[in-house]
$ cat coords_36.cif   # mmCIF, C-alpha atoms
data_run
loop_
_atom_site.label_atom_id
_atom_site.label_comp_id
_atom_site.auth_asym_id
_atom_site.auth_seq_id
_atom_site.Cartn_x
_atom_site.Cartn_y
_atom_site.Cartn_z
CA MET A 1 136.69 255.31 -104.30
CA ASN A 2 134.61 252.30 -103.34
CA VAL A 3 135.28 252.91 -99.67
CA ARG A 4 134.05 256.48 -99.98
CA LEU A 5 130.89 255.34 -101.70
CA ILE A 6 130.20 252.77 -99.01
CA SER A 7 130.78 255.20 -96.19
CA LEU A 8 128.57 257.79 -97.86
CA THR A 9 125.78 255.22 -98.23
CA LEU A 10 126.23 254.24 -94.59
CA LEU A 11 126.09 257.87 -93.51
CA ALA A 12 122.89 258.45 -95.49
CA PHE A 13 121.42 255.31 -93.94
CA VAL A 14 122.20 256.43 -90.39
CA LEU A 15 120.83 259.90 -91.10
CA ASN A 16 117.64 258.37 -92.46
CA ILE A 17 117.16 256.35 -89.32
CA ALA A 18 117.72 259.45 -87.24
CA ILE A 19 115.18 261.37 -89.28
CA ALA A 20 112.63 258.55 -89.13
CA ASN A 21 112.81 258.67 -85.33
CA ASP A 22 109.92 260.80 -83.97
CA GLU A 23 112.16 262.49 -81.46
CA VAL A 24 114.35 264.02 -84.13
CA ILE A 25 111.69 265.53 -86.38
CA PRO A 26 110.83 269.02 -85.14
CA GLY A 27 107.16 269.04 -84.18
CA ASN A 28 104.69 271.86 -84.62
CA ALA A 29 102.64 272.24 -81.43
CA GLU A 30 99.81 274.11 -83.18
CA ASN A 31 99.37 271.35 -85.77
CA GLY A 32 99.51 268.89 -82.90
CA ARG A 33 96.70 270.70 -81.12
CA LEU A 34 94.58 270.62 -84.29
CA LEU A 35 95.09 266.88 -84.68
CA TRP A 36 94.36 266.35 -80.98
CA THR A 37 90.87 267.80 -81.27
CA LEU A 38 90.14 266.71 -84.86
CA GLU A 39 86.87 264.79 -84.96
CA THR A 40 86.71 261.77 -87.23
CA THR A 41 83.76 259.45 -87.79
CA VAL A 42 84.87 255.83 -87.52
CA LYS A 43 82.35 252.98 -87.55
CA GLY A 44 79.53 255.47 -87.00
CA ASP A 45 81.24 256.97 -83.91
CA VAL A 46 82.57 260.53 -83.69
CA ARG A 47 86.08 260.11 -82.24
CA SER A 48 89.01 262.31 -81.29
CA CYS A 49 92.07 262.09 -79.06
CA SER A 50 90.27 264.35 -76.62
CA THR A 51 87.42 261.82 -76.31
CA CYS A 52 89.52 259.99 -73.73
CA HIS A 53 92.25 262.49 -72.86
CA THR A 54 90.11 265.70 -72.84
CA ALA A 55 91.20 268.69 -74.96
CA ASP A 56 93.57 269.89 -72.23
CA PRO A 57 96.62 267.63 -71.70
CA ARG A 58 96.91 268.91 -68.14
CA GLN A 59 93.55 267.41 -67.22
CA PRO A 60 93.09 263.77 -66.24
CA GLY A 61 91.15 261.79 -68.82
CA LYS A 62 88.78 258.88 -68.74
CA HIS A 63 88.53 255.90 -71.08
CA THR A 64 85.29 256.50 -72.95
CA ARG A 65 84.22 252.84 -72.90
CA THR A 66 85.44 251.54 -69.56
CA GLY A 67 85.47 254.74 -67.51
CA LYS A 68 88.96 254.00 -66.17
CA PRO A 69 90.77 257.24 -65.22
CA ILE A 70 93.76 258.22 -67.38
CA LYS A 71 96.54 260.35 -65.89
CA PRO A 72 97.25 263.70 -67.55
CA LEU A 73 99.66 263.34 -70.50
CA SER A 74 101.30 266.71 -69.90
CA PRO A 75 104.80 266.07 -68.48
CA SER A 76 104.59 269.26 -66.42
CA ILE A 77 101.72 267.73 -64.41
CA ASN A 78 102.64 264.06 -64.73
CA PRO A 79 106.43 263.72 -65.01
CA ALA A 80 106.17 259.97 -65.69
CA SER A 81 104.27 260.52 -68.93
CA LEU A 82 105.95 260.46 -72.37
CA THR A 83 109.19 259.07 -70.95
CA ASP A 84 109.24 255.62 -72.57
CA LEU A 85 109.56 255.59 -76.37
CA LYS A 86 108.29 252.03 -76.63
CA LYS A 87 105.17 252.90 -74.67
CA ILE A 88 104.63 256.10 -76.69
CA ASN A 89 104.83 254.17 -79.96
CA LYS A 90 102.53 251.43 -78.74
CA TRP A 91 99.82 253.94 -77.83
CA PHE A 92 100.25 256.03 -80.97
CA HIS A 93 99.76 252.88 -83.01
CA ARG A 94 96.59 251.82 -81.16
CA ASN A 95 95.05 255.21 -80.59
CA CYS A 96 95.62 256.59 -84.10
CA LYS A 97 94.06 253.46 -85.59
CA TRP A 98 91.09 253.58 -83.24
CA THR A 99 90.54 257.34 -83.36
CA LEU A 100 91.43 258.20 -86.95
CA GLY A 101 90.98 254.82 -88.59
CA ARG A 102 94.64 254.84 -89.73
CA VAL A 103 98.16 255.01 -88.31
CA CYS A 104 99.69 258.47 -87.77
CA THR A 105 102.62 259.70 -89.84
CA ALA A 106 105.96 260.47 -88.19
CA GLN A 107 105.26 264.18 -88.65
CA GLU A 108 101.86 263.91 -86.96
CA LYS A 109 103.38 262.08 -84.01
CA ALA A 110 106.08 264.71 -83.66
CA ASP A 111 103.42 267.44 -83.77
CA VAL A 112 101.31 265.78 -81.08
CA LEU A 113 104.37 265.26 -78.86
CA ALA A 114 105.32 268.91 -79.29
CA PHE A 115 101.77 269.93 -78.35
CA LEU A 116 101.65 267.67 -75.29
CA ARG A 117 105.11 268.76 -74.12
CA SER A 118 104.35 272.46 -74.54
CA ASN A 119 101.50 272.17 -72.06
CA MET B 1 122.44 208.07 0.99
CA LYS B 2 124.82 207.84 -1.91
CA THR B 3 122.64 205.25 -3.63
CA THR B 4 119.53 207.43 -3.29
CA ILE B 5 121.28 210.35 -4.94
CA PHE B 6 122.56 208.05 -7.63
CA SER B 7 119.16 206.50 -8.35
CA LEU B 8 117.51 209.96 -8.32
CA ALA B 9 120.04 211.16 -10.84
CA ALA B 10 119.57 208.04 -12.93
CA LEU B 11 115.79 208.39 -12.74
CA SER B 12 115.83 212.01 -13.82
CA LEU B 13 118.22 211.17 -16.61
CA MET B 14 115.87 208.44 -17.78
CA GLY B 15 112.99 210.82 -17.41
CA ILE B 16 114.68 213.39 -19.58
CA LEU B 17 115.47 210.78 -22.18
CA VAL B 18 111.96 209.34 -22.28
CA PHE B 19 110.27 212.72 -22.10
CA GLY B 20 112.60 214.19 -24.69
CA ALA B 21 112.05 211.29 -27.03
CA GLY B 22 108.34 211.69 -26.44
CA ILE B 23 108.52 215.27 -27.52
CA ALA B 24 110.59 214.29 -30.51
CA ILE B 25 108.08 211.67 -31.58
CA SER B 26 104.97 213.73 -31.07
CA ASP B 27 106.64 216.64 -32.78
CA SER B 28 107.47 214.72 -35.92
CA ASP B 29 104.00 213.17 -35.84
CA ARG B 30 102.43 216.52 -35.59
CA ARG B 31 104.49 217.86 -38.42
CA TYR B 32 103.62 214.85 -40.50
CA TYR B 33 99.91 215.15 -39.93
CA GLN B 34 99.95 218.88 -40.21
CA GLU B 35 101.35 218.63 -43.71
CA ASP B 36 98.54 216.31 -44.61
CA ASP B 37 96.00 218.51 -42.98
CA ASP B 38 97.29 221.57 -44.82
CA ASP B 39 97.01 219.81 -48.14
CA ASP B 40 93.50 218.89 -47.28
CA ARG B 41 92.64 222.32 -46.06
CA TRP B 42 94.19 223.81 -49.18
CA GLU B 43 92.10 221.55 -51.36
CA ARG B 44 88.95 222.36 -49.40
CA MET B 45 89.80 226.06 -49.49
CA MET B 46 90.09 226.02 -53.26
CA ARG B 47 86.84 224.15 -53.63
CA ARG B 48 84.95 226.45 -51.26
CA SER B 49 86.51 229.74 -52.17
CA THR B 50 84.30 232.36 -53.75
CA GLY B 51 87.34 233.65 -55.64
CA VAL B 52 89.87 232.54 -58.20
CA ALA B 53 93.65 232.09 -57.90
CA VAL B 54 95.79 235.20 -57.40
CA LYS B 55 97.96 235.34 -60.50
CA SER B 56 99.44 238.50 -61.91
CA SER B 57 102.71 240.01 -63.03
CA PRO B 58 103.94 243.58 -63.53
CA THR B 59 103.99 242.98 -67.30
CA TYR B 60 100.44 241.68 -67.34
CA LYS B 61 99.25 244.62 -65.26
CA GLU B 62 101.05 247.11 -67.50
CA GLU B 63 99.79 245.65 -70.78
CA CYS B 64 96.31 244.48 -69.83
CA GLY B 65 95.48 246.79 -66.96
CA SER B 66 95.63 250.23 -68.56
CA CYS B 67 92.08 250.44 -69.95
CA HIS B 68 90.35 248.29 -67.33
CA MET B 69 91.42 246.20 -64.33
CA ALA B 70 93.77 243.34 -65.19
CA TYR B 71 91.37 240.38 -65.12
CA PRO B 72 92.66 237.39 -63.11
CA PRO B 73 93.41 234.61 -65.65
CA GLY B 74 91.34 232.06 -63.68
CA LEU B 75 88.16 233.82 -64.83
CA LEU B 76 88.24 232.44 -68.40
CA PRO B 77 88.98 229.09 -70.02
CA SER B 78 92.12 228.93 -72.19
CA SER B 79 90.14 228.77 -75.45
CA SER B 80 88.62 232.19 -74.62
CA TRP B 81 92.01 233.70 -73.74
CA ARG B 82 93.40 232.31 -76.98
CA ARG B 83 90.67 234.02 -79.00
CA ILE B 84 91.11 237.30 -77.12
CA MET B 85 94.88 237.28 -77.65
CA GLY B 86 94.41 236.40 -81.32
CA GLY B 87 92.29 239.50 -82.00
CA LEU B 88 93.78 242.41 -80.06
CA ALA B 89 93.49 244.79 -83.05
CA ASP B 90 89.71 244.61 -82.66
CA HIS B 91 89.37 244.08 -78.94
CA PHE B 92 85.66 244.41 -78.16
CA GLY B 93 85.64 247.45 -80.43
CA ASP B 94 88.88 248.94 -79.07
CA ASN B 95 92.46 248.54 -80.27
CA ALA B 96 94.73 246.75 -77.80
CA GLU B 97 97.45 245.64 -80.22
CA LEU B 98 100.79 244.43 -78.85
CA ASP B 99 103.95 243.37 -80.64
CA GLU B 100 104.32 239.68 -81.43
CA GLN B 101 106.77 238.85 -78.67
CA MET B 102 104.64 240.50 -75.97
CA THR B 103 101.46 238.89 -77.33
CA GLN B 104 103.14 235.50 -77.05
CA GLN B 105 104.44 236.16 -73.55
CA ILE B 106 101.04 237.27 -72.25
CA SER B 107 99.20 234.44 -74.02
CA ASN B 108 101.45 231.94 -72.30
CA PHE B 109 100.80 233.53 -68.92
CA LEU B 110 97.01 233.58 -69.43
CA ILE B 111 96.74 230.09 -70.87
CA SER B 112 98.87 228.43 -68.20
CA ASN B 113 96.75 230.03 -65.45
CA ALA B 114 93.37 229.74 -67.18
CA ALA B 115 90.18 228.49 -65.52
CA ASP B 116 90.52 224.99 -66.97
CA LYS B 117 93.95 224.67 -65.35
CA SER B 118 92.67 225.72 -61.93
CA ARG B 119 91.07 223.78 -59.08
CA TYR B 120 89.26 226.80 -57.67
CA ARG B 121 85.51 226.25 -57.66
CA ARG B 122 84.67 229.58 -59.34
CA SER B 123 87.12 228.76 -62.12
CA ARG B 124 85.63 225.31 -62.53
CA GLN B 125 82.18 226.86 -62.79
CA MET B 126 83.39 229.12 -65.57
CA THR B 127 84.56 226.06 -67.52
CA ALA B 128 81.08 224.51 -67.48
CA ALA B 129 80.34 226.70 -70.52
CA ILE B 130 83.00 225.03 -72.69
CA HIS B 131 81.23 223.46 -75.65
CA PRO B 132 81.95 219.70 -75.63
CA SER B 133 82.72 219.42 -79.34
CA THR B 134 84.14 222.82 -80.33
CA GLY B 135 85.95 223.45 -77.04
CA LEU B 136 84.81 227.07 -77.22
CA ALA B 137 83.26 229.19 -74.46
CA PRO B 138 82.01 232.79 -74.49
CA MET B 139 84.87 235.21 -75.03
CA ARG B 140 83.68 237.57 -72.30
CA ILE B 141 83.57 236.75 -68.61
CA SER B 142 80.37 238.77 -68.44
CA GLU B 143 78.73 236.52 -71.04
CA ASN B 144 79.56 233.30 -69.28
CA PRO B 145 76.33 231.56 -68.11
CA TYR B 146 77.71 231.08 -64.60
CA PHE B 147 78.55 234.78 -64.37
CA LYS B 148 75.14 235.76 -65.69
CA HIS B 149 73.44 233.52 -63.17
CA GLU B 150 75.36 235.17 -60.28
CA HIS B 151 74.43 238.65 -61.49
CA ASP B 152 70.84 238.20 -62.65
CA GLU B 153 69.52 240.20 -59.69
CA ILE B 154 71.55 243.27 -60.50
CA SER B 155 69.54 245.93 -62.26
CA VAL B 156 70.78 248.43 -64.82
CA ARG B 157 70.05 251.11 -62.22
CA VAL B 158 72.47 249.54 -59.72
CA ILE B 159 75.15 249.18 -62.40
CA LYS B 160 74.79 252.88 -63.30
CA GLN B 161 74.88 253.84 -59.64
CA SER B 162 78.10 251.89 -59.14
CA GLY B 163 79.81 254.14 -61.69
CA ALA B 164 80.54 251.13 -63.94
CA THR B 165 79.69 251.43 -67.61
CA SER B 166 78.77 247.74 -67.65
CA LEU B 167 79.12 244.55 -65.60
CA SER B 168 82.56 244.10 -67.20
CA HIS B 169 84.00 246.43 -64.57
CA CYS B 170 84.17 243.98 -61.71
CA ASN B 171 86.10 246.32 -59.42
CA ALA B 172 83.31 248.89 -59.37
CA CYS B 173 81.57 246.50 -56.95
CA HIS B 174 84.03 243.79 -55.94
CA GLN B 175 86.61 245.84 -54.09
CA ARG B 176 89.31 243.14 -54.38
CA ALA B 177 88.46 241.80 -57.84
CA GLU B 178 91.96 242.32 -59.19
CA GLN B 179 93.25 240.01 -56.44
CA GLY B 180 90.76 237.34 -57.59
CA SER B 181 88.54 237.83 -54.56
CA PHE B 182 84.75 237.95 -55.05
CA ASN B 183 83.62 237.33 -51.48
CA GLU B 184 80.17 238.79 -50.83
CA HIS B 185 81.46 240.72 -47.82
CA GLU B 186 83.83 242.65 -50.04
CA ILE B 187 81.09 243.94 -52.32
CA TRP B 188 80.63 247.66 -51.91
CA ILE B 189 78.57 249.60 -54.43
CA LYS B 190 78.61 253.37 -54.70
CA GLY B 191 75.30 254.86 -53.60
CA LEU B 192 74.23 251.52 -52.17
CA GLY B 193 77.01 250.53 -49.78
CA ARG B 194 77.46 246.94 -48.72
CA TRP B 195 75.54 244.30 -50.55
CA ASP B 196 73.11 242.41 -48.32
CA ASP B 197 71.43 239.54 -50.00
#
$ encode --input "coords_36.cif" --output "C-alpha cells"
Amino acid sequence: MNVRLISLTLLAFVLNIAIANDEVIPGNAENGRLLWTLETTVKGDVRSCSTCHTADPRQPGKHTRTGKPIKPLSPSINPASLTDLKKINKWFHRNCKWTLGRVCTAQEKADVLAFLRSN
Amino acid sequence: MKTTIFSLAALSLMGILVFGAGIAISDSDRRYYQEDDDDDRWERMMRRSTGVAVKSSPTYKEECGSCHMAYPPGLLPSSSWRRIMGGLADHFGDNAELDEQMTQQISNFLISNAADKSRYRRSRQMTAAIHPSTGLAPMRISENPYFKHEHDEISVRVIKQSGATSLSHCNACHQRAEQGSFNEHEIWIKGLGRWDD
C-alpha cells in the first residue's frame, strides 16, 4: 500500500518536471507570433522582441543599443540557433525581463519557440 | 715527416677543442644575456605599448561578447569590474543576468586580469582614475578620464559615420580592439578611412 503511494507520488513528480520543461509543452505558433511583436512600454521605452530581432525570424537582427548584428533565430536559416536549452533559457530570462518588464511563463516560451521553429 | 703529421693532427685536435669550447662558452653567454634582454624588452614593450594585455577565453567571449565586443579585462580596474558584475540585471539599462556560478567564474577572470594587475602602460593610465580613499573608478571605460582625454578630438559626426552608436563600441574604429590593440595605425573609420593625426 505504502509502496504504491510512494511510487504514485514519484510518478506525479516526474510528470510534473516533464510538463514544466518548455520542450514538452505544446506551443502555439500564432500566440508566439503575437507575443513576438507585442509592444510594451518599459521605463518610457516602447519595446518588443522584434526591436532587436525584427518581426521576421528569418532576418538578421541588430541590438538596438549597441548595433551589434544578431544572427537570425529561425533554425531553417541558422541551424545553430535554438539548439542549447541553457542558452535559450538564459536569453528568455533576460529578454522577457527587459522587453516585457517580467519573466515569461512556460506557455509563452513554448509559444515563442513554436513560432520561431515554424519559420 | 711522421712528427709533422703528428703535430698537425695534434694542433687541429687542439684547435677543435679550443674552438668548440669557445662556441660553447659564447653560446651559453649569448643565451644568458638574451634571456635578460628579453625580460627587459618585454618590460619596455609593456610600458610603451599602446594596447592592453591579450586576455580572453571562449566562455568570456560567449557570455560577454554577444551584445558588444568582449572588452579586454585590462581596460578597467578591478573595482569597476566588481561593480559591473554585481549589477548584471541592470547593465547600463540592459539585462545581462547570468547564473551565480557563471557570474563568479567571469568575475574571477576579470578581476585577476584587471588594469590594476597589469603592467601595460594603457592599463596603468586607466588606474589613475581610482579614487584614493574609496578605491572606486568610473564603471565605464568610456567615462574614464584617460579615455576621454584620448578621444576628445572625436566629434559626434565621426562617431555616427563610424556606424557606432557611441564611443563604447571600440571596434567600430580600432580594428583589433578585441585583441587589446589600440595602435593608431590600426584605426580605420567608415567613411573616413585611416586616422591621420
$ resolve_selection --input "coords_36.cif" --expression "the PyMOL selection byres ((chain B) within 9 of (chain A))" --output "ChimeraX atom specification"
/B:66-69,89,93-99,163-166,168-169
$ write_last_selection --input "coords_36.cif" --atoms "C-alpha atoms" --output "mmCIF file, keeping the file's coordinate frame"
data_model
loop_
_atom_site.group_PDB
_atom_site.id
_atom_site.type_symbol
_atom_site.label_atom_id
_atom_site.label_comp_id
_atom_site.auth_asym_id
_atom_site.auth_seq_id
_atom_site.Cartn_x
_atom_site.Cartn_y
_atom_site.Cartn_z
ATOM 1 C CA SER B 66 95.630 250.230 -68.560
ATOM 2 C CA CYS B 67 92.080 250.440 -69.950
ATOM 3 C CA HIS B 68 90.350 248.290 -67.330
ATOM 4 C CA MET B 69 91.420 246.200 -64.330
ATOM 5 C CA ALA B 89 93.490 244.790 -83.050
ATOM 6 C CA GLY B 93 85.640 247.450 -80.430
ATOM 7 C CA ASP B 94 88.880 248.940 -79.070
ATOM 8 C CA ASN B 95 92.460 248.540 -80.270
ATOM 9 C CA ALA B 96 94.730 246.750 -77.800
ATOM 10 C CA GLU B 97 97.450 245.640 -80.220
ATOM 11 C CA LEU B 98 100.790 244.430 -78.850
ATOM 12 C CA ASP B 99 103.950 243.370 -80.640
ATOM 13 C CA GLY B 163 79.810 254.140 -61.690
ATOM 14 C CA ALA B 164 80.540 251.130 -63.940
ATOM 15 C CA THR B 165 79.690 251.430 -67.610
ATOM 16 C CA SER B 166 78.770 247.740 -67.650
ATOM 17 C CA SER B 168 82.560 244.100 -67.200
ATOM 18 C CA HIS B 169 84.000 246.430 -64.570
#
$ atom_distance --input "coords_36.cif" --atom1 "atom CA of B:Leu192" --atom2 "atom CA of B:Lys148"
20.8 Å
$ resolve_selection --input "coords_36.cif" --expression "the PyMOL selection byres ((chain A and resi 36) around 7)" --output "JSON, numbers by chain"
{"A": [32, 33, 34, 35, 37, 38, 48, 49, 50, 112]}
$ residues_around --input "coords_36.cif" --residues "A:Lys71" --least-positions-apart "3" --cutoff "9 Å" --atoms "only C-alpha atoms" --output "ChimeraX atom specification"
/A:53,58-62,74,78,81
$ closest_residue --input "coords_36.cif" --among "B:Gly180, B:Pro73, B:Gly191, B:Gly65" --to "B:Phe109" --atoms "only C-alpha atoms"
B:Pro73
$ atom_distance --input "coords_36.cif" --atom1 "atom CA of B:Ala172" --atom2 "atom CA of B:Ile84"
22.6 Å
$ atom_distance --input "coords_36.cif" --atom1 "atom CA of B:Cys173" --atom2 "atom CA of B:Ile189"
5.0 Å
$ closest_residue --input "coords_36.cif" --among "B:Trp81, B:Glu178, B:Lys55, B:Arg119" --to "B:Gln104" --atoms "all atoms listed in the file"
B:Trp81
$ closest_residue --input "coords_36.cif" --among "B:Leu76, B:Leu88, B:Ala53, B:Leu110" --to "B:Ala129" --atoms "only C-alpha atoms"
B:Leu76
$ residues_around --input "coords_36.cif" --residues "A:Ala29" --least-positions-apart "6" --cutoff "8 Å" --atoms "all atoms listed in the file" --output "list in words"
Asp111, Val112, Leu113, Ala114, Phe115, Leu116 and Ser118 of chain A
$ residues_near_point --input "coords_36.cif" --point "(92.6, 231.6, -68.5)" --cutoff "10 Å" --atoms "all atoms listed in the file" --output "ChimeraX atom specification"
/B:71-82,107-118,123,126-127
$ axis_aligned_box --input "coords_36.cif" --around "stretch 108-111 of chain B" --padding-each-side "5 Å" --output "lines of an AutoDock Vina configuration file"
center_x = 99.1
center_y = 231.8
center_z = -70.6
size_x = 14.7
size_y = 13.5
size_z = 13.4
$ closest_residue --input "coords_36.cif" --among "A:Asn89, A:Thr54, A:Thr40, A:Asn28" --to "A:Arg117" --atoms "only C-alpha atoms"
A:Asn28
